[in-house]
>>> print(open('run_7.txt').read())   # compact mmCIF, C-alpha atoms
# COMPACT_ATOMS: atom_id res chain seq x y z
CA MET C 25 4.34 41.77 90.43
CA ASN C 26 6.55 43.16 87.71
CA ASN C 27 4.35 44.41 84.84
CA ASN C 28 7.25 44.18 82.38
CA TYR C 29 6.61 40.46 81.76
CA ILE C 30 4.91 39.61 78.46
CA THR C 31 3.67 36.38 76.96
CA VAL C 32 5.47 34.34 74.34
CA THR C 33 2.68 35.12 71.91
CA GLN C 34 3.15 38.84 72.47
CA LEU C 35 6.89 38.55 71.90
CA THR C 36 6.42 36.49 68.77
CA ARG C 37 3.88 38.91 67.36
CA TYR C 38 6.17 41.83 68.09
CA ILE C 39 9.08 40.16 66.29
CA LYS C 40 6.74 39.24 63.40
CA TYR C 41 5.55 42.86 63.24
CA LYS C 42 9.12 44.14 63.12
CA ILE C 43 10.15 41.72 60.42
CA ASP C 44 7.01 42.25 58.32
CA ASN C 45 7.58 46.01 58.34
CA ASP C 46 11.24 45.77 57.47
CA GLN C 47 11.47 46.83 53.80
CA ASN C 48 14.72 44.91 53.41
CA LEU C 49 12.94 41.65 54.27
CA ASN C 50 9.80 42.16 52.15
CA LYS C 51 11.62 41.30 48.91
CA ILE C 52 14.47 38.88 49.43
CA TYR C 53 16.59 37.26 46.68
CA LEU C 54 18.09 34.16 48.22
CA LYS C 55 20.21 31.30 46.92
CA GLY C 56 20.96 27.97 48.54
CA GLU C 57 20.56 24.19 48.43
CA ILE C 58 17.21 22.38 48.77
CA SER C 59 16.79 19.82 51.55
CA ASN C 60 13.82 18.11 53.25
CA PHE C 61 11.62 18.92 50.26
CA LYS C 62 7.96 17.94 50.59
CA ALA C 63 5.09 18.55 48.17
CA HIS C 64 1.84 18.70 50.12
CA THR C 65 -1.34 17.14 48.70
CA ARG C 66 -2.91 20.61 48.66
CA GLY C 67 -0.21 21.83 46.29
CA HIS C 68 2.04 23.64 48.78
CA PHE C 69 5.83 23.10 48.86
CA TYR C 70 7.76 22.87 52.12
CA PHE C 71 11.56 22.68 52.21
CA THR C 72 14.74 23.94 53.85
CA LEU C 73 17.15 26.27 52.10
CA LYS C 74 20.72 25.97 53.33
CA ASP C 75 24.33 26.86 52.64
CA GLU C 76 27.59 25.78 54.30
CA ASN C 77 26.82 27.47 57.62
CA SER C 78 23.10 28.23 57.95
CA ARG C 79 19.63 27.15 57.00
CA ILE C 80 16.16 28.64 56.78
CA ASN C 81 12.74 27.04 56.46
CA ALA C 82 10.82 27.87 53.31
CA VAL C 83 7.21 27.55 52.20
CA MET C 84 5.73 28.07 48.75
CA PHE C 85 1.95 28.14 48.51
CA SER C 86 -0.02 26.52 45.67
CA THR C 87 -0.80 29.96 44.23
CA TYR C 88 2.83 30.07 43.10
CA THR C 89 3.75 26.37 42.80
CA LYS C 90 1.52 25.89 39.73
CA ASP C 91 3.95 28.07 37.77
CA VAL C 92 6.92 25.81 38.57
CA LYS C 93 7.74 23.82 35.44
CA PHE C 94 10.48 21.54 36.79
CA ASP C 95 10.71 18.86 39.47
CA ILE C 96 12.27 20.13 42.71
CA GLN C 97 14.59 17.64 44.40
CA ASP C 98 16.82 17.57 47.49
CA GLY C 99 20.35 18.73 46.75
CA MET C 100 19.25 21.06 43.96
CA LYS C 101 20.81 24.52 44.05
CA VAL C 102 18.16 27.16 43.47
CA LEU C 103 17.46 30.87 43.37
CA VAL C 104 14.31 32.01 45.20
CA THR C 105 12.50 35.26 45.74
CA GLY C 106 10.05 35.99 48.52
CA LYS C 107 9.61 37.66 51.87
CA VAL C 108 10.80 36.75 55.34
CA SER C 109 8.25 36.47 58.14
CA VAL C 110 7.61 34.63 61.39
CA TYR C 111 5.43 31.55 61.80
CA GLU C 112 3.73 32.31 65.10
CA ALA C 113 2.97 28.70 66.04
CA THR C 114 6.66 27.83 66.33
CA GLY C 115 8.15 31.26 66.66
CA GLY C 116 10.56 30.46 63.85
CA TYR C 117 11.27 32.75 61.00
CA GLN C 118 10.99 31.46 57.43
CA ILE C 119 10.90 32.65 53.88
CA TYR C 120 7.64 32.64 51.93
CA VAL C 121 8.71 31.90 48.36
CA ASP C 122 6.87 33.28 45.34
CA SER C 123 9.31 32.13 42.59
CA ILE C 124 12.05 29.56 42.27
CA THR C 125 14.57 28.70 39.56
CA GLU C 126 17.50 26.35 39.40
CA ASP C 127 20.72 28.21 39.98
CA GLY C 128 22.11 29.16 36.56
CA LEU C 129 19.05 27.96 34.56
CA GLY C 130 15.54 29.19 33.89
CA ASN C 131 12.45 27.31 35.09
CA LEU C 132 11.15 26.60 31.59
CA TYR C 133 14.50 25.33 30.37
CA ILE C 134 14.71 22.99 33.36
CA ALA C 135 11.19 21.71 32.73
CA PHE C 136 11.99 21.27 29.02
CA GLU C 137 15.09 19.18 29.76
CA GLN C 138 13.35 17.06 32.38
CA LEU C 139 10.39 16.22 30.12
CA LYS C 140 12.69 15.60 27.17
CA LYS C 141 14.75 13.15 29.21
CA LYS C 142 11.62 11.39 30.49
CA LEU C 143 9.95 10.94 27.10
CA GLN C 144 13.20 9.92 25.44
CA ALA C 145 13.66 7.19 28.07
CA GLU C 146 10.12 5.94 27.27
CA GLY C 147 11.00 5.68 23.57
CA LEU C 148 8.71 8.42 22.24
CA PHE C 149 11.54 9.88 20.16
CA ASP C 150 12.73 6.57 18.64
CA GLU C 151 13.08 6.50 14.87
CA SER C 152 11.40 3.09 14.79
CA HIS C 153 8.11 4.79 15.71
CA LYS C 154 8.33 7.46 13.01
CA LYS C 155 5.73 7.22 10.24
CA LYS C 156 6.61 8.06 6.64
CA ILE C 157 5.20 11.24 5.15
CA PRO C 158 3.31 10.36 1.92
CA LYS C 159 4.96 11.69 -1.22
CA ILE C 160 1.71 12.95 -2.73
CA PRO C 161 -0.97 13.56 -0.05
CA ASN C 162 -4.57 14.16 -1.04
CA ARG C 163 -5.82 15.69 2.22
CA ILE C 164 -3.73 17.77 4.64
CA GLY C 165 -4.78 18.87 8.12
CA ILE C 166 -3.39 21.97 9.81
CA ILE C 167 -3.56 22.71 13.53
CA THR C 168 -2.59 26.31 14.22
CA ALA C 169 -4.11 29.70 14.95
CA PRO C 170 -6.70 30.73 12.32
CA THR C 171 -5.07 34.15 11.98
CA GLY C 172 -1.47 35.21 11.73
CA ALA C 173 1.49 34.66 9.46
CA ALA C 174 1.83 30.91 10.07
CA ILE C 175 -1.46 29.82 8.49
CA LYS C 176 -1.03 32.27 5.62
CA ASP C 177 2.47 30.98 4.85
CA ILE C 178 1.33 27.34 5.04
CA LEU C 179 -1.70 27.80 2.78
CA SER C 180 0.09 29.94 0.22
CA THR C 181 2.99 27.47 0.04
CA LEU C 182 0.65 24.49 -0.34
CA LYS C 183 -1.35 26.25 -3.05
CA ARG C 184 1.79 27.23 -4.93
CA ARG C 185 3.49 23.84 -4.68
CA TRP C 186 0.57 21.41 -4.91
CA PRO C 187 -2.87 22.98 -5.49
CA LEU C 188 -4.44 19.54 -5.98
CA ALA C 189 -4.30 18.79 -2.24
CA GLU C 190 -7.32 19.47 -0.02
CA THR C 191 -6.52 21.39 3.18
CA ILE C 192 -8.52 21.35 6.41
CA LEU C 193 -7.81 23.89 9.14
CA PHE C 194 -8.42 22.96 12.77
CA PRO C 195 -8.25 26.42 14.42
CA SER C 196 -6.53 26.20 17.78
CA LEU C 197 -5.03 28.26 20.55
CA VAL C 198 -1.24 28.16 20.24
CA GLN C 199 -0.29 30.33 23.21
CA GLY C 200 -1.38 30.65 26.81
CA ALA C 201 -2.48 28.40 29.65
CA GLU C 202 -5.30 26.69 27.72
CA ALA C 203 -3.41 26.21 24.47
CA ALA C 204 -2.09 22.71 25.23
CA ASN C 205 -5.56 21.33 25.97
CA ASP C 206 -6.95 23.00 22.84
CA ILE C 207 -4.20 21.49 20.65
CA VAL C 208 -4.91 18.01 22.08
CA LYS C 209 -8.64 18.51 21.43
CA ASN C 210 -7.99 19.38 17.79
CA ILE C 211 -5.63 16.43 17.36
CA ASN C 212 -8.44 14.12 18.49
CA ILE C 213 -10.88 15.84 16.11
CA ALA C 214 -8.44 15.41 13.22
CA LYS C 215 -8.60 11.62 13.65
CA ASN C 216 -12.05 11.63 12.02
CA TYR C 217 -11.07 13.35 8.75
CA ASP C 218 -9.11 10.64 6.90
CA LEU C 219 -6.01 12.83 6.64
CA ASP C 220 -2.83 11.81 4.83
CA VAL C 221 -0.66 14.15 6.90
CA LEU C 222 -1.15 16.65 9.75
CA ILE C 223 0.85 19.88 10.28
CA VAL C 224 0.97 21.10 13.90
CA GLY C 225 2.65 24.40 14.72
CA ARG C 226 2.78 28.17 14.89
CA GLY C 227 5.09 31.08 14.12
CA GLY C 228 8.04 32.24 16.17
CA GLY C 229 8.03 33.66 19.69
CA SER C 230 9.66 33.44 23.08
CA ILE C 231 10.01 30.17 24.96
CA GLU C 232 6.98 31.20 27.00
CA ASP C 233 4.96 31.77 23.81
CA LEU C 234 5.94 28.36 22.43
CA TRP C 235 5.55 26.52 25.72
CA CYS C 236 2.28 24.73 24.87
CA PHE C 237 4.26 22.65 22.37
CA ASN C 238 6.48 21.51 25.25
CA GLU C 239 3.57 20.15 27.30
CA GLU C 240 3.51 16.40 27.94
CA ILE C 241 -0.15 16.01 26.94
CA VAL C 242 0.59 17.45 23.48
CA ALA C 243 3.61 15.21 23.03
CA ARG C 244 1.69 12.06 23.92
CA ALA C 245 -1.27 13.04 21.71
CA ILE C 246 1.09 13.43 18.72
CA TYR C 247 2.85 10.12 19.52
CA GLU C 248 -0.41 8.15 19.75
CA LEU C 249 -1.82 9.58 16.50
CA ASP C 250 -1.96 7.20 13.51
CA ILE C 251 -1.64 10.09 11.06
CA PRO C 252 1.91 11.21 10.11
CA VAL C 253 2.65 14.51 11.86
CA ILE C 254 4.93 17.35 10.79
CA SER C 255 5.90 19.68 13.65
CA ALA C 256 6.38 23.31 12.59
CA VAL C 257 6.95 25.43 15.67
CA GLY C 258 8.75 28.78 15.65
CA HIS C 259 11.92 29.46 13.73
CA GLU C 260 14.76 27.19 12.68
CA ILE C 261 16.62 27.72 15.97
CA ASP C 262 13.57 26.88 18.09
CA PHE C 263 13.21 23.29 19.30
CA THR C 264 10.21 21.97 21.22
CA ILE C 265 9.20 18.57 22.60
CA SER C 266 6.68 18.34 19.75
CA ASP C 267 9.57 18.48 17.28
CA PHE C 268 11.19 15.41 18.83
CA VAL C 269 8.04 13.29 19.06
CA ALA C 270 6.61 14.21 15.63
CA ASP C 271 7.32 12.07 12.58
CA LEU C 272 9.10 14.99 10.90
CA ARG C 273 10.38 18.33 12.19
CA ALA C 274 10.17 21.41 9.96
CA PRO C 275 12.27 24.50 10.73
CA THR C 276 9.34 26.82 10.02
CA PRO C 277 5.63 26.61 9.11
CA THR C 278 6.59 27.38 5.50
CA GLY C 279 9.13 24.57 5.64
CA ALA C 280 6.41 22.21 6.90
CA ALA C 281 4.25 23.00 3.87
CA GLU C 282 7.22 22.37 1.57
CA MET C 283 7.89 19.01 3.25
CA ALA C 284 4.23 17.98 3.15
CA VAL C 285 3.74 18.20 -0.63
CA PRO C 286 5.83 17.92 -3.77
CA ASP C 287 6.43 20.90 -6.04
CA ILE C 288 4.07 20.69 -8.99
CA ARG C 289 6.81 22.10 -11.22
CA ASP C 290 9.08 19.24 -10.25
CA ILE C 291 6.28 16.77 -10.96
CA LYS C 292 5.72 18.34 -14.37
CA LYS C 293 9.44 18.07 -15.13
CA LEU C 294 9.40 14.47 -13.94
CA LEU C 295 6.36 13.71 -16.11
CA ASP C 296 8.06 15.36 -19.10
CA GLN C 297 11.14 13.21 -18.50
CA ILE C 298 8.97 10.11 -18.16
CA ASP C 299 7.17 11.09 -21.36
CA ILE C 300 10.46 11.45 -23.21
CA ARG C 301 11.79 8.20 -21.77
CA THR C 302 8.55 6.42 -22.64
CA ILE C 303 8.62 7.66 -26.25
CA ASN C 304 12.29 6.71 -26.59
CA GLY C 305 11.56 3.33 -25.08
CA ILE C 306 8.66 2.69 -27.44
CA ASN C 307 10.76 3.81 -30.42
CA ASN C 308 13.56 1.47 -29.39
CA ILE C 309 11.12 -1.41 -29.04
CA LEU C 310 9.60 -0.64 -32.44
CA LYS C 311 13.07 -0.45 -33.97
CA ILE C 312 14.09 -3.82 -32.52
CA ARG C 313 10.79 -5.42 -33.55
CA LYS C 314 11.14 -3.98 -37.04
CA GLN C 315 14.64 -5.43 -37.33
CA LYS C 316 13.34 -8.81 -36.23
CA LEU C 317 10.46 -8.56 -38.71
CA ASN C 318 12.82 -7.70 -41.56
CA LYS C 319 15.07 -10.57 -40.60
CA LEU C 320 12.13 -12.96 -40.53
CA SER C 321 10.79 -11.68 -43.85
CA GLU C 322 14.15 -12.51 -45.47
CA SER C 323 14.25 -16.02 -44.03
CA TYR C 324 14.18 -19.05 -46.34
CA VAL C 325 11.09 -20.48 -44.65
CA LEU C 326 8.90 -17.44 -45.25
CA LYS C 327 10.08 -17.18 -48.82
CA ASN C 328 9.36 -20.88 -49.38
CA PRO C 329 6.48 -21.60 -47.01
CA LEU C 330 5.63 -24.95 -48.71
CA THR C 331 8.97 -26.25 -47.54
CA ILE C 332 7.61 -26.41 -44.01
CA TYR C 333 4.75 -28.68 -45.08
CA GLU C 334 6.98 -30.80 -47.30
CA ILE C 335 9.37 -31.45 -44.45
CA LYS C 336 6.52 -32.11 -42.09
CA GLY C 337 4.84 -34.41 -44.65
CA GLN C 338 8.05 -36.39 -45.11
CA LYS C 339 8.42 -36.75 -41.38
CA TYR C 340 4.80 -37.82 -41.19
CA ASP C 341 5.32 -40.52 -43.89
CA ASN C 342 8.37 -41.79 -42.04
CA LEU C 343 6.41 -41.99 -38.84
CA ILE C 344 3.55 -43.87 -40.57
CA GLU C 345 6.01 -46.33 -42.10
CA ARG C 346 7.75 -46.86 -38.80
CA LEU C 347 4.38 -47.38 -37.14
CA ILE C 348 3.30 -50.00 -39.71
CA ASN C 349 6.61 -51.83 -39.40
CA SER C 350 6.28 -51.74 -35.67
CA TYR C 351 2.77 -53.23 -35.87
CA LYS C 352 3.99 -55.95 -38.27
CA ASN C 353 6.83 -56.85 -35.98
CA ILE C 354 4.46 -57.04 -33.04
CA ILE C 355 2.03 -59.25 -35.02
CA ASN C 356 4.81 -61.55 -36.27
CA ASN C 357 6.21 -61.87 -32.79
CA ASN C 358 2.77 -62.68 -31.45
CA ASN C 359 2.10 -65.23 -34.26
CA ASN C 360 5.37 -66.96 -33.47
CA LYS C 361 4.48 -67.03 -29.83
CA ILE C 362 0.99 -68.43 -30.66
CA GLU C 363 2.44 -71.10 -32.97
CA LEU C 364 4.93 -72.12 -30.34
CA LEU C 365 2.22 -72.24 -27.71
CA ASP C 366 -0.02 -74.25 -30.14
CA ASN C 367 2.71 -76.85 -30.67
CA LYS C 368 3.30 -77.07 -26.96
CA LEU C 369 -0.45 -77.53 -26.40
CA VAL C 370 -0.78 -80.31 -29.09
CA ASN C 371 2.21 -82.16 -27.69
CA SER C 372 0.86 -81.79 -24.20
CA ILE C 373 -2.56 -83.15 -25.27
CA GLN C 374 -1.00 -86.05 -27.16
CA ASN C 375 1.20 -86.91 -24.21
CA LYS C 376 -1.80 -86.74 -21.94
CA VAL C 377 -3.91 -88.99 -24.24
CA THR C 378 -1.10 -91.56 -24.55
CA SER C 379 -0.58 -91.54 -20.80
CA ASP C 380 -4.29 -91.94 -20.11
CA LYS C 381 -4.56 -94.71 -22.75
CA ASN C 382 -1.76 -96.67 -21.14
CA ARG C 383 -3.33 -96.27 -17.74
CA PHE C 384 -6.70 -97.40 -19.16
CA THR C 385 -5.14 -100.49 -20.73
CA LYS C 386 -3.50 -101.39 -17.45
CA LEU C 387 -6.75 -100.86 -15.54
CA LEU C 388 -8.65 -102.86 -18.15
CA GLY C 389 -6.20 -105.74 -17.76
CA LYS C 390 -6.69 -105.67 -14.03
CA LEU C 391 -10.44 -105.54 -14.51
CA GLU C 392 -10.38 -108.58 -16.83
CA VAL C 393 -8.56 -110.52 -14.19
CA LEU C 394 -11.23 -109.68 -11.63
CA ASN C 395 -14.23 -110.14 -14.02
CA PRO C 396 -16.50 -112.92 -12.54
CA LEU C 397 -17.89 -113.74 -15.99
CA LEU C 398 -14.52 -114.97 -17.14
CA THR C 399 -14.43 -117.16 -14.08
CA ILE C 400 -17.82 -118.59 -15.03
CA LYS C 401 -16.61 -119.31 -18.57
CA ARG C 402 -13.84 -121.45 -17.14
CA GLY C 403 -16.51 -123.78 -15.51
CA TYR C 404 -17.25 -122.01 -12.33
CA SER C 405 -20.68 -120.69 -11.19
CA ILE C 406 -21.98 -118.01 -8.90
CA VAL C 407 -24.41 -118.89 -6.08
CA ARG C 408 -26.83 -116.23 -4.89
CA LYS C 409 -29.37 -116.20 -2.11
CA ASN C 410 -31.80 -113.35 -2.20
CA ASN C 411 -29.54 -111.69 -4.81
CA LYS C 412 -26.63 -111.95 -2.43
CA VAL C 413 -23.53 -113.93 -3.43
CA ILE C 414 -22.90 -116.97 -1.16
CA SER C 415 -19.28 -117.88 -0.63
CA SER C 416 -19.63 -120.36 2.29
CA THR C 417 -21.96 -123.29 3.26
CA LYS C 418 -22.24 -121.69 6.63
CA ASP C 419 -24.49 -119.12 5.06
CA LEU C 420 -27.00 -121.84 3.93
CA LYS C 421 -29.66 -123.89 5.61
CA GLU C 422 -32.14 -126.47 4.55
CA LYS C 423 -34.89 -125.40 2.20
CA ASP C 424 -33.07 -122.23 1.16
CA LYS C 425 -33.84 -121.12 -2.37
CA LEU C 426 -30.72 -120.49 -4.38
CA GLU C 427 -29.88 -119.09 -7.81
CA LEU C 428 -26.98 -120.53 -9.78
CA GLU C 429 -25.43 -118.51 -12.57
CA LEU C 430 -23.56 -120.57 -15.20
CA LYS C 431 -21.84 -119.41 -18.38
CA ASP C 432 -24.93 -120.01 -20.46
CA GLY C 433 -27.77 -119.15 -18.02
CA LYS C 434 -29.26 -119.28 -14.56
CA ILE C 435 -31.12 -122.03 -12.66
CA ASN C 436 -32.98 -122.14 -9.34
CA VAL C 437 -32.24 -124.91 -6.77
CA GLU C 438 -33.22 -125.80 -3.24
CA VAL C 439 -30.91 -126.87 -0.41
CA ILE C 440 -31.74 -130.39 0.94
>>> encode(input="run_7.txt", output="structure tokens")
Amino acid sequence: MNNNYITVTQLTRYIKYKIDNDQNLNKIYLKGEISNFKAHTRGHFYFTLKDENSRINAVMFSTYTKDVKFDIQDGMKVLVTGKVSVYEATGGYQIYVDSITEDGLGNLYIAFEQLKKKLQAEGLFDESHKKKIPKIPNRIGIITAPTGAAIKDILSTLKRRWPLAETILFPSLVQGAEAANDIVKNINIAKNYDLDVLIVGRGGGSIEDLWCFNEEIVARAIYELDIPVISAVGHEIDFTISDFVADLRAPTPTGAAEMAVPDIRDIKKLLDQIDIRTINGINNILKIRKQKLNKLSESYVLKNPLTIYEIKGQKYDNLIERLINSYKNIINNNNNKIELLDNKLVNSIQNKVTSDKNRFTKLLGKLEVLNPLLTIKRGYSIVRKNNKVISSTKDLKEKDKLELELKDGKINVEVI
């Protein structure tokens, strides 16, 4: 048997050994296009780096991925650094990446633009959400480092411009990996202090130094705060995400203090102007009132005050006379109406009496005709049986007792 045969594992390990010990492959600067990108749940990145003719597999472990500030996507052209080695399980060579940037741009700038675009699309930068900074605040909160030029500039400016305002410092980290969380913590603490305005910021520095003010958690904490926020990060040329989401952006910490309060000298000048305008206004009013008073004092009525009563008395007499005449007219009209009604009533009664008298006479004549007594006076008599008038012999029988009524008396008879 030929002893020159080796196993695949031995060959792979030999190649890996050669590559790992090649100084030219231990620090590689490579550029290409991302494809087949995959972010593992454990934090590792796996992708392929390619150009027009070739490709190489790449892996970036979570130790390094946590420093990547932008979203990696397929088709993105990038610059990577790392070392080339062999993955023994497949025998393929690959690059182990320790840093990655977009070709032509820095990582932080890419992350800044991506977050800016995202939050802008959500409406966090809209002017409609901006709260007004009060013109004269009573209590001002400041989130910044407790030492350094920024806090000194802010406090000295506030004291010089408006010493009446109360200031509360919420000391915070403003640089480093934990700074963003510390700023958010202090923003939440500031909610309990009944602030009129809150200044959040720090002095100048590199983009890395200012990066905590570009973190999404800080931006959302500022957006959700009910207190008006002035962002004061870095110098005038520095822009952070906090600047866009805050209610007002100041170019510097000193500028933030100037925007937060009025200048007491300006207020004094304004009060002096108001004082002058008030005095002039009062003098003008007094002048006008005095002119009116003089005009009234020269009026005929005030010089002859009894004239008012005389005129009123005359009007009163006229009203009384008109009232009496009106009552008289009403009474006369009513008397005429009563007299007319009285005549109508008398005539009506007389007509009624005459009518009733005629009717009575007629009825009396008819009654005389029907009166049985008159019949008796003419020689007739009335026959009664048991007080009942008998008009026929059929109603009689023998032995009946009858009563005859004649014109001059009554007699009793018996039927035989």
>>> atom_distance(input="run_7.txt", atom1="atom CA of C:Phe71", atom2="atom CA of C:Lys141")
25.1 Å
>>> atom_distance(input="run_7.txt", atom1="atom CA of C:Arg244", atom2="atom CA of C:Ala135")
16.2 Å
>>> residues_around(input="run_7.txt", residues="stretch 256-259 of chain C", least_positions_apart="3", cutoff="7 Å", atoms="all atoms listed in the file", output="number ranges by chain")
C: 223-229, 262, 273-277, 280
>>> atom_distance(input="run_7.txt", atom1="atom CA of C:Val285", atom2="atom CA of C:Val208")
24.3 Å
>>> residues_around(input="run_7.txt", residues="C:Lys140", least_positions_apart="6", cutoff="9 Å", atoms="all atoms listed in the file", output="JSON, numbers by chain")
{"C": [238, 265, 268]}
>>> closest_residue(input="run_7.txt", among="C:Asp271, C:Glu232, C:Phe69, C:Asp177", to="C:Lys156", atoms="all atoms listed in the file")
C:Asp271
>>> residues_around(input="run_7.txt", residues="C:Ser109", least_positions_apart="3", cutoff="6 Å", atoms="only C-alpha atoms", output="MDAnalysis selection string")
chainID C and resid 44 117:118
>>> residues_near_point(input="run_7.txt", point="(5.3, 11.1, 13.9)", cutoff="10 Å", atoms="only C-alpha atoms", output="PyMOL selection string")
chain C and resi 148-151+153-157+221-222+246-255+266-273
>>> closest_residue(input="run_7.txt", among="C:Lys176, C:Arg346, C:Lys107, C:Lys215", to="C:Thr278", atoms="all atoms listed in the file")
C:Lys176
>>> closest_residue(input="run_7.txt", among="C:Ile355, C:Ile213, C:Ile124, C:Ile207", to="C:Phe94", atoms="only C-alpha atoms")
C:Ile124
>>> residues_near_point(input="run_7.txt", point="(-23.1, -119.4, -11.1)", cutoff="7 Å", atoms="all atoms listed in the file", output="short mmCIF file (atom, residue, chain, number, x, y, z; two decimals) with C-alpha atoms, in the frame of the given file")
data_model
loop_
_atom_site.label_atom_id
_atom_site.label_comp_id
_atom_site.auth_asym_id
_atom_site.auth_seq_id
_atom_site.Cartn_x
_atom_site.Cartn_y
_atom_site.Cartn_z
CA ILE C 400 -17.82 -118.59 -15.03
CA TYR C 404 -17.25 -122.01 -12.33
CA SER C 405 -20.68 -120.69 -11.19
CA ILE C 406 -21.98 -118.01 -8.90
CA VAL C 407 -24.41 -118.89 -6.08
CA LEU C 428 -26.98 -120.53 -9.78
CA GLU C 429 -25.43 -118.51 -12.57
CA LEU C 430 -23.56 -120.57 -15.20
#
>>> closest_atom_pairs(input="run_7.txt", of="stretch 73-168 of chain C", to="stretch 50-65 of chain C", cutoff="6 Å", atoms="only C-alpha atoms", output="CSV")
residue,atom,partner,partner_atom,distance
C:Leu73,CA,C:Ile58,CA,5.1
C:Lys74,CA,C:Gly56,CA,5.2
C:Asp75,CA,C:Gly56,CA,5.4
C:Asp98,CA,C:Ser59,CA,4.6
C:Gly99,CA,C:Ile58,CA,5.2
C:Met100,CA,C:Ile58,CA,5.4
C:Lys101,CA,C:Glu57,CA,4.4
C:Val102,CA,C:Lys55,CA,5.8
C:Leu103,CA,C:Lys55,CA,4.5
C:Val104,CA,C:Leu54,CA,5.3
C:Thr105,CA,C:Tyr53,CA,4.6
C:Gly106,CA,C:Ile52,CA,5.4
C:Lys107,CA,C:Asn50,CA,4.5
>>> write_last_selection(input="run_7.txt", atoms="C-alpha atoms", output="compact mmCIF listing (two decimals), in the frame of the given file")
# COMPACT_ATOMS: atom_id res chain seq x y z
CA LEU C 73 17.15 26.27 52.10
CA LYS C 74 20.72 25.97 53.33
CA ASP C 75 24.33 26.86 52.64
CA ASP C 98 16.82 17.57 47.49
CA GLY C 99 20.35 18.73 46.75
CA MET C 100 19.25 21.06 43.96
CA LYS C 101 20.81 24.52 44.05
CA VAL C 102 18.16 27.16 43.47
CA LEU C 103 17.46 30.87 43.37
CA VAL C 104 14.31 32.01 45.20
CA THR C 105 12.50 35.26 45.74
CA GLY C 106 10.05 35.99 48.52
CA LYS C 107 9.61 37.66 51.87
>>> closest_residue(input="run_7.txt", among="C:Glu146, C:Asp206, C:Glu438, C:Asp220", to="C:Asp424", atoms="all atoms listed in the file")
C:Glu438
>>> closest_residue(input="run_7.txt", among="C:Asn308, C:Asp290, C:Val108, C:Ala214", to="C:Asn48", atoms="all atoms listed in the file")
C:Val108
>>> decode(input="run_7.txt", residues="stretch 62-104 of chain C", atoms="C-alpha atoms", output="mmCIF file, in the first residue's frame")
data_model
loop_
_atom_site.group_PDB
_atom_site.id
_atom_site.type_symbol
_atom_site.label_atom_id
_atom_site.label_comp_id
_atom_site.auth_asym_id
_atom_site.auth_seq_id
_atom_site.Cartn_x
_atom_site.Cartn_y
_atom_site.Cartn_z
ATOM 1 C CA LYS C 62 -28.448 36.205 6.907
ATOM 2 C CA ALA C 63 -28.491 37.469 10.494
ATOM 3 C CA HIS C 64 -28.429 34.494 12.855
ATOM 4 C CA THR C 65 -30.506 34.524 16.059
ATOM 5 C CA ARG C 66 -27.266 34.294 18.041
ATOM 6 C CA GLY C 67 -26.088 37.578 16.546
ATOM 7 C CA HIS C 68 -23.720 36.240 13.869
ATOM 8 C CA PHE C 69 -23.832 37.492 10.250
ATOM 9 C CA TYR C 70 -23.410 35.150 7.300
ATOM 10 C CA PHE C 71 -23.174 36.424 3.726
ATOM 11 C CA THR C 72 -21.369 36.163 0.402
ATOM 12 C CA LEU C 73 -19.050 38.863 -0.876
ATOM 13 C CA LYS C 74 -18.784 38.985 -4.657
ATOM 14 C CA ASP C 75 -17.609 41.009 -7.628
ATOM 15 C CA GLU C 76 -18.099 40.556 -11.382
ATOM 16 C CA ASN C 77 -16.073 37.346 -11.568
ATOM 17 C CA SER C 78 -15.683 35.756 -8.124
ATOM 18 C CA ARG C 79 -17.251 35.287 -4.738
ATOM 19 C CA ILE C 80 -16.188 34.360 -1.228
ATOM 20 C CA ASN C 81 -18.177 33.288 1.808
ATOM 21 C CA ALA C 82 -17.997 35.584 4.800
ATOM 22 C CA VAL C 83 -18.855 35.282 8.478
ATOM 23 C CA MET C 84 -18.962 37.997 11.126
ATOM 24 C CA PHE C 85 -19.343 36.852 14.722
ATOM 25 C CA SER C 86 -21.529 38.635 17.293
ATOM 26 C CA THR C 87 -18.422 39.984 19.026
ATOM 27 C CA TYR C 88 -18.071 42.366 16.071
ATOM 28 C CA THR C 89 -21.660 42.646 14.769
ATOM 29 C CA LYS C 90 -22.786 44.649 17.835
ATOM 30 C CA ASP C 91 -20.642 47.537 16.590
ATOM 31 C CA VAL C 92 -22.431 47.673 13.221
ATOM 32 C CA LYS C 93 -24.725 50.707 13.249
ATOM 33 C CA PHE C 94 -26.490 50.241 9.902
ATOM 34 C CA ASP C 95 -28.743 47.605 8.358
ATOM 35 C CA ILE C 96 -26.893 45.276 5.983
ATOM 36 C CA GLN C 97 -28.860 44.327 2.872
ATOM 37 C CA ASP C 98 -28.273 42.260 -0.267
ATOM 38 C CA GLY C 99 -26.845 44.321 -3.107
ATOM 39 C CA MET C 100 -25.050 46.717 -0.777
ATOM 40 C CA LYS C 101 -21.456 47.505 -1.736
ATOM 41 C CA VAL C 102 -19.226 47.312 1.314
ATOM 42 C CA LEU C 103 -15.663 47.473 2.554
ATOM 43 C CA VAL C 104 -14.635 44.731 5.005
#
